[in-house]
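A.B. asks: Input file: my_file23.cif. Contents: mmCIF, C-alpha atoms.
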data_target
#
loop_
_atom_site.label_atom_id
_atom_site.label_comp_id
_atom_site.auth_asym_id
_atom_site.auth_seq_id
_atom_site.Cartn_x
_atom_site.Cartn_y
_atom_site.Cartn_z
CA MET A 23 69.56 30.52 164.15
CA PHE A 24 72.49 31.01 166.51
CA PRO A 25 70.50 32.92 169.16
CA ILE A 26 67.91 30.13 169.28
CA VAL A 27 70.58 27.46 169.76
CA LEU A 28 72.22 29.59 172.43
CA LEU A 29 68.95 30.12 174.27
CA ALA A 30 68.16 26.38 174.07
CA VAL A 31 71.58 25.56 175.55
CA ALA A 32 71.14 28.14 178.31
CA LEU A 33 67.64 26.94 179.22
CA GLY A 34 68.76 23.31 179.09
CA GLY A 35 71.62 24.20 181.43
CA VAL A 36 69.21 25.91 183.84
CA ALA A 37 66.93 22.85 183.80
CA ILE A 38 69.77 20.41 184.54
CA SER A 39 71.24 22.74 187.16
CA GLY A 40 67.86 23.25 188.81
CA PHE A 41 67.30 19.51 188.93
CA ARG A 42 70.61 18.95 190.70
CA ASP A 43 70.85 21.96 193.01
CA ARG A 44 68.09 24.49 193.51
CA ALA A 45 70.01 27.04 195.61
CA ARG A 46 72.96 27.08 193.26
CA THR A 47 70.70 27.60 190.25
CA ARG A 48 68.95 30.47 192.00
CA ALA A 49 72.37 32.08 192.64
CA ALA A 50 73.32 31.61 188.97
CA LEU A 51 70.09 33.23 187.76
CA SER A 52 70.31 36.18 190.15
CA TYR A 53 73.90 36.68 188.96
CA ALA A 54 72.61 36.76 185.37
CA ALA A 55 69.82 39.20 186.29
CA THR A 56 72.04 41.67 188.19
CA SER A 57 74.78 41.74 185.56
CA GLY A 58 72.12 42.07 182.87
CA LEU A 59 70.60 45.10 184.59
CA ASN A 60 74.06 46.64 184.99
CA LEU A 61 74.88 46.05 181.34
CA LEU A 62 71.57 47.39 180.04
CA PRO A 63 72.24 51.19 180.17
CA PRO A 64 75.57 51.13 178.27
CA LEU A 65 74.11 48.64 175.78
CA LEU A 66 71.13 50.92 175.11
CA ALA A 67 73.48 53.87 174.58
CA LEU A 68 75.77 51.79 172.38
CA ALA A 69 72.90 50.62 170.14
CA ALA A 70 71.74 54.23 169.79
CA GLY A 71 75.27 55.39 168.90
CA VAL A 72 75.70 52.68 166.29
CA GLY A 73 72.24 53.31 164.84
CA LEU A 74 72.77 57.05 164.63
CA SER A 75 76.24 56.79 163.08
CA MET A 76 75.03 54.26 160.54
CA SER A 77 72.11 56.50 159.58
CA VAL A 78 74.17 59.68 159.37
CA ILE A 79 76.96 57.93 157.45
CA PRO A 80 75.34 55.12 155.45
CA PRO A 81 77.78 52.38 154.32
CA SER A 82 77.38 53.46 150.68
CA ALA A 83 78.45 57.01 151.56
CA ILE A 84 81.52 55.71 153.37
CA ALA A 85 82.41 53.76 150.27
CA ARG A 86 82.16 56.89 148.15
CA LEU A 87 84.09 58.94 150.69
CA PHE A 88 87.01 56.59 151.09
CA ASP A 89 87.93 55.60 147.59
CA ALA A 90 91.16 57.45 148.29
CA HIS A 91 94.47 55.77 147.55
CA GLY A 92 97.81 55.99 149.27
CA THR A 93 98.74 56.85 152.82
CA VAL A 94 95.88 59.25 153.41
CA GLY A 95 93.31 56.61 152.52
CA PHE A 96 95.18 54.11 154.68
CA PHE A 97 95.04 56.23 157.83
CA LEU A 98 91.51 57.49 157.13
CA LEU A 99 90.23 53.93 156.88
CA ALA A 100 92.12 52.75 159.96
CA GLY A 101 90.83 55.74 161.95
CA LEU A 102 87.26 55.25 160.81
CA GLY A 103 87.51 51.56 161.71
CA ALA A 104 88.78 52.47 165.17
CA LEU A 105 85.90 54.86 165.79
CA LEU A 106 83.06 52.74 164.49
CA THR A 107 81.98 49.31 165.47
CA ILE A 108 79.98 47.95 162.59
CA PRO A 109 78.52 44.45 162.88
CA ALA A 110 80.72 42.02 160.92
CA PRO A 111 77.96 40.94 158.49
CA ILE A 112 77.84 44.58 157.35
CA ALA A 113 81.57 45.26 157.66
CA TYR A 114 82.69 42.68 155.09
CA PRO A 115 80.31 43.72 152.30
CA LEU A 116 81.33 47.32 153.04
CA ALA A 117 85.02 46.41 152.77
CA GLY A 118 84.22 44.55 149.55
CA SER A 119 82.54 47.56 147.97
CA LEU A 120 85.38 49.82 149.16
CA HIS A 121 87.76 47.45 147.39
CA HIS A 122 85.75 47.73 144.18
CA MET A 123 85.85 51.50 144.48
CA GLY A 124 89.63 51.47 144.61
CA ALA A 125 90.61 51.26 148.28
CA SER A 126 93.82 49.26 148.60
CA LEU A 127 93.82 45.82 150.23
CA PRO A 128 96.42 46.77 152.89
CA ALA A 129 94.23 49.70 153.96
CA LEU A 130 91.23 47.38 154.11
CA ALA A 131 93.17 44.87 156.22
CA SER A 132 93.81 47.48 158.90
CA PHE A 133 90.26 48.80 158.45
CA ILE A 134 88.72 45.40 159.23
CA THR A 135 91.09 44.79 162.12
CA THR A 136 90.37 48.13 163.80
CA LEU A 137 86.69 47.78 162.99
CA THR A 138 86.44 44.55 164.94
CA MET A 139 89.07 44.97 167.69
CA VAL A 140 89.02 48.69 168.49
CA GLY A 141 85.84 50.58 169.21
CA VAL A 142 85.63 54.06 170.65
CA LEU A 143 81.87 53.54 170.76
CA THR A 144 82.15 50.34 172.79
CA SER A 145 84.88 51.60 175.12
CA PRO A 146 82.51 52.85 177.87
CA LEU A 147 81.31 49.27 178.17
CA GLU A 148 84.85 47.91 178.24
CA ILE A 149 85.89 50.48 180.85
CA LYS A 150 82.94 49.44 182.98
CA ALA A 151 84.08 45.84 182.72
CA PHE A 152 87.88 46.00 183.01
CA GLY A 153 88.75 49.55 184.01
CA ARG A 154 90.14 52.52 182.12
CA ARG A 155 93.77 51.41 182.13
CA PHE A 156 93.05 47.97 180.67
CA THR A 157 90.78 49.43 177.99
CA ILE A 158 93.22 52.12 176.87
CA ILE A 159 96.17 49.72 176.71
CA ARG A 160 94.22 46.98 174.94
CA GLN A 161 92.73 49.34 172.37
CA SER A 162 96.08 51.06 171.70
CA LEU A 163 97.85 47.72 171.26
CA SER A 164 95.09 46.56 168.91
CA LEU A 165 95.37 49.77 166.90
CA ILE A 166 99.14 49.29 166.56
CA LEU A 167 98.55 45.67 165.57
CA ALA A 168 96.01 46.75 162.94
CA LEU A 169 98.41 49.29 161.41
CA LEU A 170 101.22 46.71 161.43
CA ILE A 171 98.99 44.16 159.71
CA GLY A 172 98.10 46.75 157.08
CA ALA A 173 101.76 47.63 156.50
CA LEU A 174 102.77 43.95 156.29
CA MET A 175 99.91 43.31 153.86
CA GLY A 176 101.36 46.04 151.68
CA VAL A 177 104.69 44.20 151.61
CA VAL A 178 103.25 40.72 151.01
CA LEU A 179 100.47 41.47 148.52
CA MET B 11 64.56 51.31 192.28
CA ASN B 12 67.44 49.29 190.87
CA PRO B 13 70.16 51.68 189.61
CA GLY B 14 70.47 49.69 186.37
CA ILE B 15 66.79 50.22 185.60
CA ARG B 16 66.99 53.88 186.59
CA SER B 17 69.92 54.66 184.28
CA SER B 18 68.36 52.60 181.48
CA ILE B 19 65.32 54.86 181.68
CA SER B 20 67.49 58.00 181.61
CA VAL B 21 69.52 56.70 178.66
CA THR B 22 66.30 55.92 176.78
CA ALA B 23 64.93 59.38 177.59
CA VAL B 24 68.10 61.06 176.30
CA VAL B 25 68.10 58.99 173.11
CA VAL B 26 64.42 59.79 172.47
CA LEU B 27 65.03 63.52 173.09
CA ILE B 28 68.00 63.55 170.69
CA HIS B 29 65.90 61.89 168.02
CA LEU B 30 62.98 64.25 168.57
CA ALA B 31 65.36 67.18 168.11
CA LEU B 32 66.78 65.48 165.03
CA TRP B 33 63.31 64.74 163.69
CA VAL B 34 62.41 68.41 163.24
CA PRO B 35 65.04 69.15 160.56
CA PHE B 36 65.67 65.58 159.33
CA PRO B 37 62.55 63.40 159.82
CA GLU B 38 63.78 60.57 157.57
CA LEU B 39 67.15 60.37 159.28
CA ALA B 40 65.58 60.27 162.74
CA VAL B 41 63.16 57.52 161.77
CA GLN B 42 65.94 55.45 160.22
CA SER B 43 68.18 55.93 163.23
CA VAL B 44 65.43 54.88 165.64
CA ARG B 45 64.77 51.83 163.48
CA GLN B 46 68.49 50.93 163.63
CA TRP B 47 68.45 51.48 167.38
CA VAL B 48 65.50 49.15 167.92
CA SER B 49 66.99 46.44 165.70
CA GLY B 50 70.32 46.85 167.52
CA ILE B 51 68.59 46.34 170.87
CA GLY B 52 66.85 43.32 169.35
CA GLN B 53 70.20 41.81 168.39
CA VAL B 54 71.49 42.42 171.91
CA LEU B 55 68.43 40.90 173.56
CA ALA B 56 68.67 37.86 171.31
CA ILE B 57 72.16 36.97 172.56
CA VAL B 58 73.13 38.65 175.81
CA PRO B 59 70.56 37.14 178.24
CA SER B 60 71.50 33.59 177.18
CA VAL B 61 75.20 34.42 177.53
CA LEU B 62 74.64 35.84 181.01
CA ILE B 63 72.68 32.79 182.11
CA LEU B 64 75.48 30.53 180.86
CA ILE B 65 78.06 32.65 182.71
CA GLY B 66 75.93 32.45 185.85
CA LEU B 67 75.84 28.66 185.58
CA PHE B 68 79.58 28.60 184.86
CA ASP B 69 80.17 30.74 187.92
CA ALA B 70 78.03 28.53 190.14
CA TRP B 71 79.30 25.14 189.00
CA VAL B 72 82.89 25.42 187.73
CA PRO B 73 85.37 25.54 190.60
CA LYS B 74 88.09 28.16 190.64
CA GLU B 75 90.81 25.51 190.44
CA VAL B 76 89.60 24.27 187.06
CA VAL B 77 89.80 27.74 185.50
CA GLU B 78 93.15 28.33 187.16
CA ARG B 79 94.53 25.08 185.77
CA GLY B 80 93.20 25.81 182.27
CA PHE B 81 93.90 29.54 181.96
CA GLY B 82 96.02 30.45 184.99
CA PRO B 83 99.63 31.59 185.36
CA ARG B 84 101.00 28.08 184.87
CA SER B 85 98.76 27.06 181.99
CA GLY B 86 101.44 27.81 179.39
CA LEU B 87 100.86 27.06 175.71
CA ARG B 88 97.79 24.98 176.47
CA GLY B 89 96.20 28.00 178.15
CA VAL B 90 96.86 30.15 175.07
CA LEU B 91 95.35 27.51 172.78
CA LEU B 92 92.33 27.13 175.05
CA ALA B 93 91.82 30.91 175.04
CA LEU B 94 92.01 31.00 171.22
CA LEU B 95 89.60 28.08 170.96
CA LEU B 96 87.12 29.63 173.40
CA GLY B 97 87.22 32.93 171.47
CA THR B 98 86.80 31.52 167.96
CA GLY B 99 84.27 28.89 168.93
CA SER B 100 81.69 31.41 170.01
CA ALA B 101 79.61 33.95 168.14
CA GLY B 102 78.16 37.33 168.98
CA PRO B 103 79.46 40.87 169.32
CA LEU B 104 82.60 41.69 171.32
CA TYR B 105 80.68 43.20 174.23
CA ALA B 106 79.08 39.82 174.89
CA ALA B 107 82.63 38.57 175.58
CA PHE B 108 83.36 41.17 178.29
CA PRO B 109 81.35 39.48 181.08
CA ILE B 110 82.98 36.14 180.18
CA GLY B 111 86.41 37.82 180.40
CA ILE B 112 85.59 39.21 183.85
CA SER B 113 84.44 35.86 185.09
CA LEU B 114 87.62 34.19 183.79
CA LEU B 115 89.81 36.83 185.47
CA GLU B 116 87.95 36.51 188.75
CA LYS B 117 88.43 32.76 188.72
CA GLY B 118 92.18 33.08 188.32
CA ALA B 119 92.86 33.16 184.56
CA ARG B 120 96.01 35.06 183.63
CA THR B 121 95.59 38.44 181.94
CA ALA B 122 97.37 37.36 178.73
CA ASN B 123 94.88 34.57 178.16
CA VAL B 124 91.88 36.82 178.75
CA VAL B 125 93.20 39.39 176.24
CA ILE B 126 93.93 36.62 173.73
CA PHE B 127 90.40 35.35 174.25
CA LEU B 128 88.94 38.83 173.60
CA GLY B 129 91.09 39.30 170.48
CA ALA B 130 90.16 35.92 169.06
CA TRP B 131 86.50 36.62 169.77
CA ALA B 132 86.76 39.96 167.97
CA THR B 133 88.50 39.05 164.73
CA ILE B 134 88.93 35.31 164.23
CA LYS B 135 85.60 33.66 163.59
CA ILE B 136 85.27 30.75 161.23
CA PRO B 137 81.96 31.90 159.63
CA MET B 138 83.34 35.44 159.40
CA LEU B 139 86.47 34.11 157.66
CA MET B 140 84.22 32.55 155.03
CA MET B 141 82.53 35.91 154.53
CA GLU B 142 85.86 37.70 154.36
CA SER B 143 87.07 35.27 151.68
CA ALA B 144 83.89 35.80 149.70
CA PHE B 145 84.20 39.60 149.66
CA LEU B 146 87.95 40.18 149.62
CA GLY B 147 89.47 36.94 148.39
CA THR B 148 90.73 33.81 150.11
CA ARG B 149 94.36 34.92 149.88
CA PHE B 150 93.54 38.17 151.68
CA ALA B 151 91.56 36.41 154.42
CA MET B 152 94.25 33.76 155.00
CA LEU B 153 97.07 36.33 155.06
CA ARG B 154 95.17 38.51 157.51
CA LEU B 155 94.50 35.49 159.70
CA ALA B 156 98.19 34.48 159.57
CA MET B 157 99.16 37.96 160.80
CA THR B 158 96.34 38.45 163.30
CA LEU B 159 96.93 35.18 165.13
CA PRO B 160 100.50 35.88 166.35
CA GLY B 161 99.55 39.55 166.75
CA ILE B 162 96.76 38.74 169.19
CA ILE B 163 99.03 36.46 171.21
CA ALA B 164 101.74 39.16 171.32
CA CYS B 165 99.12 41.73 172.43
CA GLY B 166 98.04 39.40 175.21
CA PHE B 167 101.51 39.08 176.69
CA ALA B 168 102.35 42.78 176.19
CA MET B 169 99.11 43.60 177.96
CA GLU B 170 99.94 41.33 180.88
CA PHE B 171 103.37 42.93 181.14
CA MET B 172 101.85 46.43 181.32
CA ASP B 173 98.77 45.70 183.44
CA PRO B 174 99.33 42.42 185.26
CA ARG B 175 96.19 42.55 187.42
CA PRO B 176 93.44 44.60 185.78
CA ALA B 177 90.87 45.84 188.25
CA THR B 178 87.73 44.04 187.18
CA GLU B 179 84.59 45.78 188.19
CA PRO B 180 82.85 43.30 190.44
CA CYS B 181 79.75 45.49 190.50
CA LEU B 182 79.09 44.48 186.90
CA VAL B 183 78.99 40.92 188.05
CA ARG B 184 77.71 41.08 191.62
CA ALA B 185 75.92 44.32 192.35
#
Kindly return the structure encoded in the file as structure tokens.
C.D. replies:
Amino acid sequence: MFPIVLLAVALGGVAISGFRDRARTRAALSYAATSGLNLLPPLLALAAGVGLSMSVIPPSAIARLFDAHGTVGFFLLAGLGALLTIPAPIAYPLAGSLHHMGASLPALASFITTLTMVGVLTSPLEIKAFGRRFTIIRQSLSLILALLIGALMGVVL
Amino acid sequence: MNPGIRSSISVTAVVVLIHLALWVPFPELAVQSVRQWVSGIGQVLAIVPSVLILIGLFDAWVPKEVVERGFGPRSGLRGVLLALLLGTGSAGPLYAAFPIGISLLEKGARTANVVIFLGAWATIKIPMLMMESAFLGTRFAMLRLAMTLPGIIACGFAMEFMDPRPATEPCLVRA
């Protein structure tokens, strides 16, 4: 549903823009085309990496693997979250089943946070966009934040 | 030939070769992985072109001063709130947010606000919050949100302190 709405908005924008200023619209579209072509190779590689890692380690196997408790489970989950970038619609059911299998909520809090904010798999793309320095600092800060959130969760819950 | 097309072809060739090699010992795994790959590309193609077109239009029509006023060095608290709003109000994977971040930076947004925008895009999404509550409990989701929100803002300002002017790669935007 969302992609269709997005496409409709984009095409509507192009139509209005083209009606008002042809040259400007052509510039906007060529901008979209060149950045799209530049983004394509890392996106193809990223999709392959995600697909392969999800086939080699199916979500159900992760759940079985990480029913560990305590500090080891905590850091294992945070580390796994940092490495992988699983689409959110899969990440939450996975976290839910991990919870049922005995993973602690604080560990899951840092797992979800690293899963969404830190991605070793997506970092080539981020480096291409913002440079190595930016990417390393942002991902390290996010990792620290995720661990802090997990630790605080342990205190509050 | 366009370098983007050329490297796309090489990436595809490498991926296909890896899966052929994988297919010999583990045919099922290779087939499943290729299926995941294709559906992943499908998800990307469903969102990214529209996002890029919208960024192109944004780039062509919105003057630099407007972005600077909204997200620039003197935007203050309003800039932070705008960045949070822009991040949570949109959907799609984090990498779809990278081109938007570049375009904001190039038009004079301050680094802190761009990082806050990326963080909000990554973890604070209203539909995702509903999903999180469903699987892990409302209390968990709300607590995590209450901690993530100030955390993202702190990350933004720490980031700006350490890397005030990140070198955006203009070639991604204007080859």
A.B. asks: Could you name the residues that touch stretch 168-172 of chain A at 7 Å or less, counting all atoms listed in the file, but leaving out those on the same chain fewer than 6 positions away, as a list in words?
C.D. replies: Pro128, Ala129, Ala131, Ser132, Thr135 and Thr136 of chain A; Met157 of chain B
A.B. asks: If I take atom CA of B:Val48 and atom CA of B:Ile15, how far is one from the other in Å, to one decimal?
C.D. replies: 17.8 Å
A.B. asks: Excluding same-chain residues fewer than 5 positions from A:Ala50, what lies within 9 Å of it counting all atoms listed in the file, as a list in words?
C.D. replies: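 Everything that qualifies: Val36, Ala45 and Ala55 of chain A; Ile63, Leu64, Ile65, Gly66, Leu67, Phe68, Asp69, Ala70 and Trp71 of chain B.
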A.B. asks: The PyMOL selection byres ((chain B and resi 16-26) around 10) - which residues does that actually catch in the file I just gave you? List them as number ranges by chain.
C.D. replies: A: 59-67, 70-71, 74; B: 11-15, 27-32, 40, 44, 47
A.B. asks: Enumerate, as a PyMOL selection string, the residues matched when the PyMOL selection byres ((chain A) within 7 of (chain B)) is run on the file above.
C.D. replies: chain A and resi 25+28-29+32+46+50-51+53-54+56-60+62-63+66-67+69-70+73-74+77+114-115+118+131+135+138-139+148+150-153+156+159-160+163+167+171
A.B. asks: For the atom pair atom CA of B:Ile163 and atom CA of B:Ile126, what is the interatomic distance in Å to one decimal place?
C.D. replies: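 Separation between atom CA of B:Ile163 and atom CA of B:Ile126: 5.7 Å.
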A.B. asks: As an exercise, work out the distance from atom CA of A:Ile112 to atom CA of A:Ile79 in Å and give it to one decimal place.
C.D. replies: 13.4 Å
A.B. asks: Which residues, named as in the file, does the PyMOL selection byres ((chain B and resi 82) around 6) pick out? Answer as a ChimeraX atom specification.
C.D. replies: /B:78-79,81,83-85,118-120
